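A.B. asks: Contents of target-v6.cif (mmCIF, C-alpha atoms and all ligand atoms) are below:
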data_final
loop_
_atom_site.label_atom_id
_atom_site.label_comp_id
_atom_site.auth_asym_id
_atom_site.auth_seq_id
_atom_site.Cartn_x
_atom_site.Cartn_y
_atom_site.Cartn_z
CA MET A 1 78.91 120.74 103.39
CA THR A 2 81.94 120.53 105.64
CA THR A 3 84.86 118.84 103.99
CA GLY A 4 87.23 116.48 105.70
CA PHE A 5 86.70 114.18 108.64
CA VAL A 6 84.03 115.62 110.90
CA ARG A 7 81.47 114.22 113.33
CA LYS A 8 77.78 114.44 112.69
CA GLY A 9 75.50 113.19 115.45
CA GLY A 10 78.56 111.58 117.05
CA ALA A 11 79.53 109.58 113.97
CA LEU A 12 82.55 110.39 111.82
CA GLN A 13 82.01 111.21 108.20
CA CYS A 14 84.20 112.31 105.30
CA ASP A 15 83.03 114.97 102.87
CA GLY A 16 79.45 114.16 103.80
CA VAL A 17 79.62 110.36 103.68
CA PRO A 18 79.35 108.43 106.98
CA LEU A 19 82.38 106.20 107.46
CA ALA A 20 80.06 103.43 108.64
CA LYS A 21 78.42 103.49 105.21
CA ILE A 22 81.79 103.30 103.51
CA ALA A 23 82.67 100.28 105.65
CA ARG A 24 79.38 98.60 104.70
CA ASP A 25 79.79 99.32 100.99
CA HIS A 26 83.51 98.68 100.57
CA GLY A 27 84.65 96.65 103.57
CA THR A 28 87.65 97.22 105.82
CA PRO A 29 90.51 97.95 105.97
CA ALA A 30 90.19 100.83 103.50
CA TRP A 31 91.93 104.11 102.79
CA ILE A 32 89.64 107.13 102.60
CA TYR A 33 90.66 110.43 101.02
CA SER A 34 88.76 113.70 101.19
CA HIS A 35 88.77 115.41 97.81
CA GLY A 36 87.71 118.61 99.53
CA VAL A 37 90.73 118.62 101.82
CA LEU A 38 93.15 117.83 98.99
CA GLU A 39 91.87 120.81 97.01
CA ALA A 40 91.76 123.12 100.02
CA ARG A 41 95.30 122.27 101.03
CA TYR A 42 96.68 122.86 97.57
CA ARG A 43 94.87 126.17 97.26
CA GLU A 44 96.10 127.30 100.67
CA PHE A 45 99.66 126.33 99.83
CA VAL A 46 99.74 128.26 96.58
CA ALA A 47 98.11 131.31 98.17
CA ALA A 48 100.82 131.48 100.85
CA PHE A 49 103.44 132.10 98.16
CA GLU A 50 101.53 134.72 96.25
CA GLY A 51 103.84 137.02 94.39
CA LEU A 52 106.61 134.43 94.14
CA ASP A 53 104.73 132.29 91.65
CA PRO A 54 106.50 129.05 92.60
CA THR A 55 106.36 125.85 90.60
CA VAL A 56 104.75 123.53 93.14
CA CYS A 57 106.10 120.05 92.47
CA TYR A 58 103.96 117.71 94.54
CA ALA A 59 106.17 114.99 96.05
CA LEU A 60 104.49 111.92 94.63
CA LYS A 61 106.09 109.61 97.15
CA ALA A 62 103.66 110.83 99.81
CA ASN A 63 100.66 109.46 97.92
CA SER A 64 100.87 108.48 94.27
CA ASN A 65 97.34 107.32 93.59
CA GLN A 66 96.34 108.52 90.11
CA ALA A 67 93.27 110.31 91.48
CA VAL A 68 95.36 112.22 94.01
CA ILE A 69 98.00 113.23 91.46
CA ALA A 70 95.30 114.25 88.98
CA THR A 71 93.62 116.41 91.63
CA PHE A 72 96.77 118.48 92.01
CA ALA A 73 97.79 118.35 88.33
CA ARG A 74 94.42 119.85 87.35
CA MET A 75 95.05 122.68 89.78
CA GLY A 76 98.37 123.38 88.09
CA ALA A 77 100.81 121.32 90.14
CA GLY A 78 104.00 119.75 88.88
CA ALA A 79 105.60 116.67 90.41
CA ASP A 80 108.69 115.72 92.36
CA ILE A 81 109.54 112.16 91.35
CA VAL A 82 112.21 109.69 92.40
CA SER A 83 111.86 106.78 89.99
CA ALA A 84 110.76 105.76 86.52
CA GLY A 85 107.61 104.43 88.16
CA GLU A 86 106.76 107.79 89.65
CA LEU A 87 107.54 109.48 86.32
CA ALA A 88 105.11 107.15 84.57
CA ARG A 89 102.51 107.77 87.26
CA ALA A 90 102.92 111.55 86.98
CA LEU A 91 102.67 111.60 83.19
CA HIS A 92 99.72 109.23 83.19
CA ALA A 93 97.84 111.44 85.65
CA GLY A 94 98.38 114.45 83.41
CA VAL A 95 101.26 116.32 85.04
CA ALA A 96 102.99 118.60 82.51
CA PRO A 97 106.52 117.21 81.85
CA GLY A 98 107.87 120.75 82.03
CA LYS A 99 106.89 120.83 85.72
CA ILE A 100 108.56 117.58 86.77
CA VAL A 101 111.73 117.46 88.86
CA PHE A 102 113.57 114.17 89.28
CA ALA A 103 115.32 113.63 92.64
CA GLY A 104 117.05 110.61 94.15
CA VAL A 105 120.60 109.40 94.73
CA GLY A 106 120.51 106.35 92.48
CA LYS A 107 118.95 107.23 89.14
CA THR A 108 119.85 104.57 86.57
CA GLU A 109 120.78 105.39 82.99
CA ASP A 110 117.48 103.87 81.82
CA GLU A 111 115.58 106.18 84.15
CA MET A 112 117.59 109.16 82.93
CA ALA A 113 116.84 108.27 79.30
CA PHE A 114 113.12 107.97 80.03
CA ALA A 115 113.08 111.34 81.76
CA LEU A 116 115.10 113.02 79.00
CA ASP A 117 112.72 111.67 76.37
CA SER A 118 109.80 112.96 78.43
CA GLY A 119 111.23 116.49 78.55
CA ILE A 120 111.20 117.04 82.29
CA LEU A 121 112.06 120.38 83.90
CA GLN A 122 115.19 119.29 85.78
CA PHE A 123 117.28 116.48 87.16
CA ASN A 124 118.23 117.05 90.79
CA VAL A 125 121.70 115.55 90.63
CA GLU A 126 123.16 114.23 93.86
CA SER A 127 126.76 113.26 93.04
CA GLU A 128 129.69 113.69 90.64
CA PRO A 129 129.32 110.21 89.09
CA GLU A 130 125.60 110.81 88.58
CA LEU A 131 126.34 114.06 86.72
CA GLU A 132 128.80 112.24 84.47
CA ALA A 133 126.31 109.46 83.76
CA LEU A 134 123.58 111.98 82.94
CA ALA A 135 125.92 113.87 80.60
CA ARG A 136 126.76 110.60 78.82
CA VAL A 137 123.12 109.60 78.39
CA ALA A 138 122.17 113.08 77.14
CA ARG A 139 125.07 113.28 74.66
CA ARG A 140 124.11 109.91 73.25
CA LYS A 141 120.69 111.40 72.50
CA GLY A 142 122.10 114.68 71.22
CA LYS A 143 120.39 116.47 74.12
CA THR A 144 121.38 118.74 76.99
CA ALA A 145 119.96 117.75 80.36
CA PRO A 146 118.74 120.58 82.61
CA VAL A 147 120.34 120.08 86.02
CA ALA A 148 119.87 121.31 89.56
CA LEU A 149 122.72 120.31 91.83
CA ARG A 150 121.23 118.94 95.02
CA VAL A 151 123.12 120.62 97.79
CA ASN A 152 123.54 119.14 101.24
CA PRO A 153 123.61 122.31 103.34
CA ASP A 154 124.72 120.52 106.54
CA VAL A 155 121.88 121.69 108.75
CA ASP A 156 120.11 119.61 111.36
CA ALA A 157 116.40 119.48 110.58
CA LYS A 158 115.73 118.04 114.08
CA THR A 159 113.38 115.36 112.87
CA HIS A 160 113.36 111.55 113.15
CA LYS A 161 116.74 110.08 112.21
CA LYS A 162 115.27 108.05 109.37
CA ILE A 163 113.83 111.10 107.61
CA THR A 164 116.54 113.72 108.11
CA THR A 165 118.48 114.36 104.92
CA GLY A 166 120.46 117.61 105.20
CA LYS A 167 123.45 116.58 107.34
CA THR A 168 126.79 115.61 105.82
CA GLU A 169 126.46 112.10 107.26
CA ASN A 170 123.24 111.56 105.21
CA LYS A 171 123.56 110.05 101.74
CA PHE A 172 121.73 112.96 100.09
CA GLY A 173 123.11 115.86 98.10
CA ILE A 174 126.55 117.32 97.57
CA GLU A 175 128.36 119.26 100.28
CA ILE A 176 128.62 122.99 99.53
CA PRO A 177 132.38 123.18 98.71
CA ARG A 178 132.10 120.17 96.39
CA ALA A 179 128.92 121.51 94.78
CA ARG A 180 130.68 124.80 94.11
CA ALA A 181 133.66 123.07 92.49
CA LEU A 182 131.42 120.74 90.49
CA ALA A 183 129.22 123.56 89.16
CA LEU A 184 132.27 125.49 88.03
CA ALA A 185 133.91 122.46 86.42
CA ALA A 186 130.66 121.45 84.71
CA ARG A 187 130.51 124.69 82.75
CA LYS A 188 132.61 122.82 80.17
CA LEU A 189 130.82 119.47 80.41
CA LYS A 190 128.75 118.71 77.31
CA GLY A 191 125.35 117.08 77.76
CA VAL A 192 124.38 118.91 80.95
CA ARG A 193 123.58 122.48 81.87
CA ILE A 194 123.55 123.40 85.53
CA GLU A 195 120.80 125.95 85.87
CA ALA A 196 119.55 125.45 89.42
CA LEU A 197 120.33 124.38 92.95
CA SER A 198 118.06 122.16 94.98
CA THR A 199 117.93 121.06 98.58
CA HIS A 200 115.67 119.06 100.88
CA ILE A 201 116.72 118.87 104.50
CA GLY A 202 114.22 116.34 105.82
CA SER A 203 110.59 115.56 106.41
CA GLN A 204 108.09 116.29 109.20
CA ILE A 205 110.10 119.40 110.11
CA THR A 206 108.62 121.27 113.06
CA ASP A 207 111.11 124.12 113.46
CA VAL A 208 111.63 126.93 110.96
CA THR A 209 115.25 127.67 112.00
CA PRO A 210 116.97 124.92 109.97
CA TYR A 211 114.94 126.01 106.94
CA ARG A 212 116.19 129.57 107.28
CA ALA A 213 119.80 128.40 107.51
CA ALA A 214 119.49 126.05 104.53
CA PHE A 215 117.68 128.56 102.29
CA ALA A 216 120.21 131.32 103.07
CA ARG A 217 123.10 129.01 102.12
CA MET A 218 121.35 128.08 98.89
CA ALA A 219 120.65 131.67 97.89
CA ALA A 220 124.24 132.69 98.64
CA LEU A 221 125.73 129.81 96.66
CA GLY A 222 123.32 130.38 93.78
CA GLY A 223 124.30 134.04 93.56
CA GLU A 224 127.97 133.22 93.75
CA LEU A 225 127.77 130.64 90.97
CA ARG A 226 125.71 132.89 88.75
CA ALA A 227 128.34 135.60 89.14
CA ALA A 228 130.96 133.03 88.09
CA GLY A 229 129.13 132.37 84.85
CA VAL A 230 127.01 129.33 85.76
CA PRO A 231 123.64 129.93 84.03
CA MET A 232 121.61 129.70 87.26
CA THR A 233 117.95 130.60 87.00
CA ARG A 234 116.16 128.89 89.89
CA LEU A 235 116.30 127.50 93.40
CA ASP A 236 114.42 124.42 94.55
CA PHE A 237 113.82 124.45 98.30
CA GLY A 238 112.42 120.90 98.59
CA GLY A 239 109.58 119.86 100.88
CA GLY A 240 109.42 118.75 104.48
CA LEU A 241 106.90 121.02 106.20
CA GLY A 242 105.54 119.11 109.20
CA VAL A 243 101.93 118.45 110.17
CA VAL A 244 100.29 117.88 113.55
CA TYR A 245 99.91 114.24 114.49
CA ARG A 246 99.82 114.72 118.26
CA ASP A 247 101.13 117.84 119.96
CA GLU A 248 103.84 118.99 117.57
CA THR A 249 104.00 122.70 116.81
CA PRO A 250 105.21 122.83 113.21
CA PRO A 251 105.72 126.28 111.74
CA ASP A 252 102.46 127.34 110.21
CA LEU A 253 102.40 127.73 106.47
CA GLY A 254 102.76 131.51 106.83
CA ALA A 255 105.97 131.24 108.86
CA TYR A 256 107.41 128.75 106.39
CA ALA A 257 106.43 130.99 103.47
CA ARG A 258 108.10 133.98 105.15
CA ALA A 259 111.33 131.98 105.52
CA VAL A 260 111.19 131.08 101.83
CA LYS A 261 110.40 134.63 100.77
CA SER A 262 113.10 136.28 102.82
CA ALA A 263 115.71 133.98 101.26
CA ILE A 264 114.59 134.32 97.66
CA ALA A 265 113.17 137.83 97.42
CA GLY A 266 115.42 140.07 95.36
CA THR A 267 117.65 137.26 94.10
CA GLY A 268 115.94 137.08 90.72
CA PHE A 269 115.76 133.29 90.98
CA ASP A 270 112.60 131.36 90.16
CA LEU A 271 111.29 129.17 92.96
CA ILE A 272 110.44 125.47 93.09
CA LEU A 273 108.84 123.81 96.12
CA GLU A 274 108.29 120.08 96.67
CA PRO A 275 105.60 119.63 99.34
CA GLY A 276 104.33 116.13 100.01
CA ARG A 277 103.02 115.37 103.48
CA TRP A 278 101.56 118.83 104.11
CA LEU A 279 99.26 118.51 101.09
CA VAL A 280 97.91 115.02 101.74
CA ALA A 281 98.33 113.84 105.36
CA ASP A 282 95.17 115.42 106.73
CA ALA A 283 93.12 114.38 103.70
CA GLY A 284 93.44 110.67 104.43
CA ALA A 285 92.42 108.11 107.03
CA LEU A 286 92.73 104.37 107.38
CA LEU A 287 89.40 102.82 108.28
CA ALA A 288 89.54 99.49 110.14
CA LYS A 289 87.37 97.20 112.20
CA VAL A 290 88.07 95.77 115.64
CA VAL A 291 88.25 91.99 115.21
CA TYR A 292 88.76 91.09 118.87
CA VAL A 293 89.38 92.78 122.18
CA LYS A 294 91.81 90.68 124.15
CA HIS A 295 92.59 91.12 127.82
CA GLY A 296 96.01 90.12 129.19
CA SER A 297 97.27 90.56 132.72
CA ALA A 298 99.30 93.60 131.68
CA LYS A 299 97.48 94.90 128.63
CA ARG A 300 94.20 95.38 126.86
CA PHE A 301 94.58 94.75 123.13
CA ALA A 302 92.29 96.03 120.39
CA ILE A 303 93.10 93.79 117.44
CA LEU A 304 92.19 95.44 114.13
CA ASP A 305 91.75 94.03 110.64
CA ALA A 306 94.38 96.56 109.51
CA ALA A 307 98.06 96.01 110.16
CA MET A 308 101.61 97.24 109.70
CA SER A 309 101.25 95.89 106.16
CA GLU A 310 98.85 98.80 105.52
CA LEU A 311 100.41 101.49 107.71
CA ILE A 312 104.03 101.00 108.68
CA ARG A 313 104.76 104.46 110.12
CA PRO A 314 104.17 103.58 113.81
CA THR A 315 106.61 100.70 113.84
CA LEU A 316 109.12 102.17 111.38
CA TYR A 317 109.44 105.64 112.87
CA GLU A 318 107.84 105.18 116.31
CA ALA A 319 105.28 107.56 114.81
CA TRP A 320 102.31 108.60 116.96
CA MET A 321 99.19 108.54 114.77
CA PRO A 322 95.78 109.79 115.94
CA ILE A 323 93.24 106.98 116.42
CA GLU A 324 89.53 107.34 117.13
CA PRO A 325 86.42 105.22 117.04
CA VAL A 326 84.01 106.11 114.24
CA ARG A 327 81.32 106.33 116.92
CA ALA A 328 82.56 106.53 120.51
CA ARG A 329 80.87 104.27 123.06
CA LYS A 330 79.93 105.75 126.39
CA GLY A 331 82.33 105.11 129.25
CA ALA A 332 85.68 106.19 130.61
CA LYS A 333 88.72 106.06 128.37
CA ARG A 334 91.07 103.20 129.05
CA PRO A 335 94.51 102.40 127.64
CA TYR A 336 94.56 100.05 124.67
CA ASP A 337 97.36 98.56 122.65
CA VAL A 338 95.96 98.94 119.15
CA VAL A 339 97.49 96.19 117.04
CA GLY A 340 97.07 94.28 113.79
CA PRO A 341 96.91 90.58 112.96
CA VAL A 342 100.40 90.29 111.41
CA CYS A 343 102.72 87.86 113.15
CA GLU A 344 105.22 90.37 114.55
CA SER A 345 105.27 92.24 117.83
CA GLY A 346 106.15 95.30 115.76
CA ASP A 347 102.70 95.17 114.21
CA TYR A 348 101.04 97.94 116.17
CA PHE A 349 99.37 101.30 115.69
CA ALA A 350 99.60 102.52 119.28
CA HIS A 351 100.69 101.45 122.74
CA ASP A 352 98.70 102.28 125.87
CA ARG A 353 96.47 104.68 123.96
CA PRO A 354 93.56 106.02 126.05
CA LEU A 355 90.40 105.28 124.05
CA PRO A 356 86.69 105.00 124.78
CA PRO A 357 85.56 101.38 125.35
CA LEU A 358 86.01 99.25 122.22
CA GLU A 359 84.18 96.07 121.28
CA ALA A 360 84.57 93.58 118.47
CA GLY A 361 82.93 94.93 115.32
CA ASP A 362 83.55 98.59 116.18
CA LEU A 363 85.01 100.79 113.47
CA VAL A 364 88.07 102.90 114.14
CA VAL A 365 90.11 105.28 112.02
CA VAL A 366 93.76 106.18 112.00
CA ARG A 367 93.85 109.85 111.02
CA GLN A 368 96.49 111.92 109.21
CA ALA A 369 97.16 108.83 107.12
CA GLY A 370 96.93 110.38 103.66
CA ALA A 371 100.72 110.77 103.50
CA TYR A 372 103.12 107.83 103.50
CA GLY A 373 100.25 105.44 104.18
CA ALA A 374 98.99 103.41 101.23
CA VAL A 375 102.20 104.06 99.28
CA MET A 376 104.26 102.28 101.92
CA SER A 377 101.98 99.29 102.30
CA SER A 378 102.94 95.76 101.39
CA THR A 379 101.29 92.38 101.02
CA TYR A 380 103.24 90.88 103.94
CA ASN A 381 101.47 87.86 105.42
CA ALA A 382 99.76 87.58 102.01
CA ARG A 383 97.41 90.41 102.85
CA PRO A 384 95.88 91.91 99.69
CA LEU A 385 96.35 95.68 99.30
CA ALA A 386 93.44 97.64 100.80
CA PRO A 387 91.22 99.73 98.53
CA GLU A 388 91.57 103.50 98.19
CA LEU A 389 88.42 105.59 98.11
CA LEU A 390 88.07 109.23 97.14
CA VAL A 391 85.12 111.10 98.63
CA ARG A 392 83.69 114.34 97.33
CA LYS A 393 80.48 116.14 98.21
CA GLY A 394 78.66 113.06 99.41
CA LYS A 395 79.93 110.73 96.68
CA THR A 396 82.44 107.91 97.04
CA ALA A 397 84.63 106.64 94.21
CA VAL A 398 86.86 103.60 94.30
CA VAL A 399 90.18 104.95 93.06
CA ARG A 400 91.94 101.67 93.68
CA PRO A 401 89.94 98.48 94.14
CA ARG A 402 90.83 96.01 96.85
CA GLN A 403 93.42 93.58 95.54
CA THR A 404 91.98 90.12 95.04
CA LEU A 405 93.57 86.95 96.35
CA GLU A 406 93.73 85.71 92.76
CA SER A 407 95.82 88.67 91.62
CA LEU A 408 98.05 88.26 94.64
CA ILE A 409 98.82 84.67 93.71
CA ASP A 410 98.75 85.23 89.95
CA ALA A 411 101.82 87.44 90.25
CA ASP A 412 103.89 84.31 90.95
CA ARG A 413 104.81 81.46 88.59
CA LEU A 414 106.03 77.96 89.15
CA ALA A 415 109.45 77.21 87.66
CA PRO A 416 109.27 75.16 84.44
CA TRP A 417 110.63 72.07 86.23
CA GLN A 418 107.87 72.13 88.82
CA SER A 419 105.01 70.36 87.17
CA ARG A 420 101.62 71.11 88.66
CA ARG A 421 100.27 68.19 90.60
N1 LIG B 1 111.53 116.35 98.12
C1 LIG B 1 112.44 115.37 98.36
C2 LIG B 1 113.68 115.37 97.61
C3 LIG B 1 112.15 114.38 99.31
O1 LIG B 1 113.05 113.44 99.55
C4 LIG B 1 110.92 114.41 100.02
C5 LIG B 1 110.60 113.37 101.00
C6 LIG B 1 110.01 115.43 99.71
C7 LIG B 1 110.35 116.40 98.77
C8 LIG B 1 108.66 115.55 100.38
O2 LIG B 1 108.78 115.76 101.75
P1 LIG B 1 107.49 116.06 102.64
O3 LIG B 1 106.96 117.40 102.24
O4 LIG B 1 106.51 114.97 102.39
O5 LIG B 1 108.01 116.02 104.03
N2 LIG B 1 108.15 107.95 104.81
C9 LIG B 1 108.50 109.02 105.73
C10 LIG B 1 108.79 110.30 104.99
C11 LIG B 1 109.90 110.18 103.97
C12 LIG B 1 110.17 111.47 103.24
C13 LIG B 1 111.17 111.29 102.17
N3 LIG B 1 111.42 112.44 101.34
C14 LIG B 1 107.39 109.17 106.75
O6 LIG B 1 106.40 108.43 106.69
O7 LIG B 1 107.50 109.99 107.66
#
Kindly transcribe the structure held in the file into structure tokens.
Ligand code: LLP

C.D. replies:
Amino acid sequence: MTTGFVRKGGALQCDGVPLAKIARDHGTPAWIYSHGVLEARYREFVAAFEGLDPTVCYALKANSNQAVIATFARMGAGADIVSAGELARALHAGVAPGKIVFAGVGKTEDEMAFALDSGILQFNVESEPELEALARVARRKGKTAPVALRVNPDVDAKTHKKITTGKTENKFGIEIPRARALALAARKLKGVRIEALSTHIGSQITDVTPYRAAFARMAALGGELRAAGVPMTRLDFGGGLGVVYRDETPPDLGAYARAVKSAIAGTGFDLILEPGRWLVADAGALLAKVVYVKHGSAKRFAILDAAMSELIRPTLYEAWMPIEPVRARKGAKRPYDVVGPVCESGDYFAHDRPLPPLEAGDLVVVRQAGAYGAVMSSTYNARPLAPELLVRKGKTAVVRPRQTLESLIDADRLAPWQSRR
């Protein structure tokens, strides 16, 4: 059986289950994940780095559903986390603590304590004050925290401005001269041991050149620090490998792997990678129904039952996401504005998108939505969170039920002075 989203007799299915059946059984909007694609992607990723034996720390932020994390954890993956919540999610899904790296510019002391108690692999420290705080928390516990200094290599990843992270004007990481000074000074700091360098230059990267520059700077600095007596054992090259949404030409996995290999081969350092989007984007789709087709003098609107509250990428990053009907009607393609019901003009999936004729009741999918989809959704306009469904070999499992209106409202309380009337 073909895995992923494929057409059979003109109708889209996922891992053998027709999307129309999923809509009948579970309603819309709904997130659909192909178990087959998740597994295939992970396998392919690991195979590309054969010989280097990297610790693959799946970046949970891309999709932190327990079923998704467990899929990778059972194949041997670690996790890249950025909060106590993600740490709890990773541990609960069975990720080995010794394969967890903790990134982020604003870790609180409580989060540090939780991670120290859990025995994670490393803290990716992003500033001098953070290193001091971590040392304090560790000393209080009589522990030594394993640290990777997150280096900002000052390279331009040439991606959307909101997801580029490796330039000095971005809040992430420590500039190379400061990282060098900090690593040397920290040799005497009790409570922390700097044993790695990490970097992450951005997301949805479609050019291998900035990677090469960043990795070379990391390897050089790592070697230099090790020679100066810093007990360096590994390099963490982050994530960021782009996928195809429209007509991008991201480096293929092989080209990316060659860039990694040429920087690390012969250094003696162990390798950590933090892929997110590349592992999950293609495995997921957002299934929605057309509620109305509305004709204006300038535009033809397809109004879906899904909205920016489910998938915010188009309006937040001007992201182009592939959209297709589950079963295409006959007729010439015409431009549609594909929008949601939320009361904002920014609530759209596409502008002037050529699509086959659409009618109310038709099912459509937004593809490549497995990454940064459900995790970024909200309940804006009091819209309950959509369900997440995992499909494998003809079977569908609800891995997150649709939120009920009761649970939406039950999260709130009246103040004690507001008696119920
Ligand atoms: N490691 C670190 C430290 C990160 O900050 C990120 C993503 C990753 C790994 C994983 O990157 P990936 O392989 O997924 O590109 N919401 C945005 C993407 C934000 C990415 C943030 N950091 C979007 O929808 O495009």

A.B. asks: Which residue is closest to A:Arg329? Choose from A:Met376, A:Ala11, A:Ile201, A:Leu304 and count all atoms listed in the file.

C.D. replies: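 Of A:Met376, A:Ala11, A:Ile201, A:Leu304, the one nearest A:Arg329, counting all atoms listed in the file, is A:Ala11.
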
A.B. asks: When distances are computed from all atoms listed in the file, which of A:Ile205, A:Ala179, A:Ala135, A:Leu121 shows the smallest separation from ligand LIG 1 (chain B)?

C.D. replies: A:Ile205

A.B. asks: How close does each residue of chain A get to ligand LIG 1 (chain B), giving the shortest atom pair and distance in Å to one decimal for every residue with an atom at most 6 Å away, counting only C-alpha atoms and all ligand atoms, sorted by chain and residue number, as CSV?

C.D. replies:
residue,atom,partner,partner_atom,distance
A:Ala59,CA,B:LIG1,C8,5.0
A:Ala62,CA,B:LIG1,O4,5.6
A:Ala103,CA,B:LIG1,C2,5.5
A:Ile163,CA,B:LIG1,C11,5.4
A:His200,CA,B:LIG1,C2,5.3
A:Ser203,CA,B:LIG1,O5,3.5
A:Gln204,CA,B:LIG1,O5,5.2
A:Gly238,CA,B:LIG1,N1,4.7
A:Gly239,CA,B:LIG1,O3,3.8
A:Gly240,CA,B:LIG1,O5,3.1
A:Leu241,CA,B:LIG1,O3,5.4
A:Glu274,CA,B:LIG1,C7,4.7
A:Pro275,CA,B:LIG1,O3,3.9
A:Gly276,CA,B:LIG1,O4,3.4
A:Arg277,CA,B:LIG1,O4,3.7
A:Trp278,CA,B:LIG1,O3,5.9
A:Arg313,CA,B:LIG1,O6,5.5
A:Tyr372,CA,B:LIG1,O6,4.6

A.B. asks: Out of A:Ala214, A:Ala145, A:Leu12, A:Val105, which residue has the shortest atom-to-atom distance to A:Ile120 when counting all atoms listed in the file?

C.D. replies: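 Smallest separation from A:Ile120 among the options: A:Ala145.
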
A.B. asks: Which centre and which edge lengths, in Å to one decimal, describe the axis-aligned box that holds all listed atoms of stretch 51-58 of chain A after 5 Å is added on each side, as AutoDock Vina command-line options?

C.D. replies:
--center_x 105.2 --center_y 127.4 --center_z 92.6 --size_x 12.8 --size_y 29.3 --size_z 13.9

A.B. asks: In Å, rounded to a single decimal, give me how far atom CA of A:Pro129 is from atom CA of A:Arg234.

C.D. replies: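 Atom-to-atom, atom CA of A:Arg234 to atom CA of A:Pro129, that is 22.9 Å.
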
A.B. asks: Which is closer to A:Leu363 than all the others in A:Phe301, A:Tyr348, A:Tyr292, A:Phe172, using all atoms listed in the file?

C.D. replies: A:Tyr292
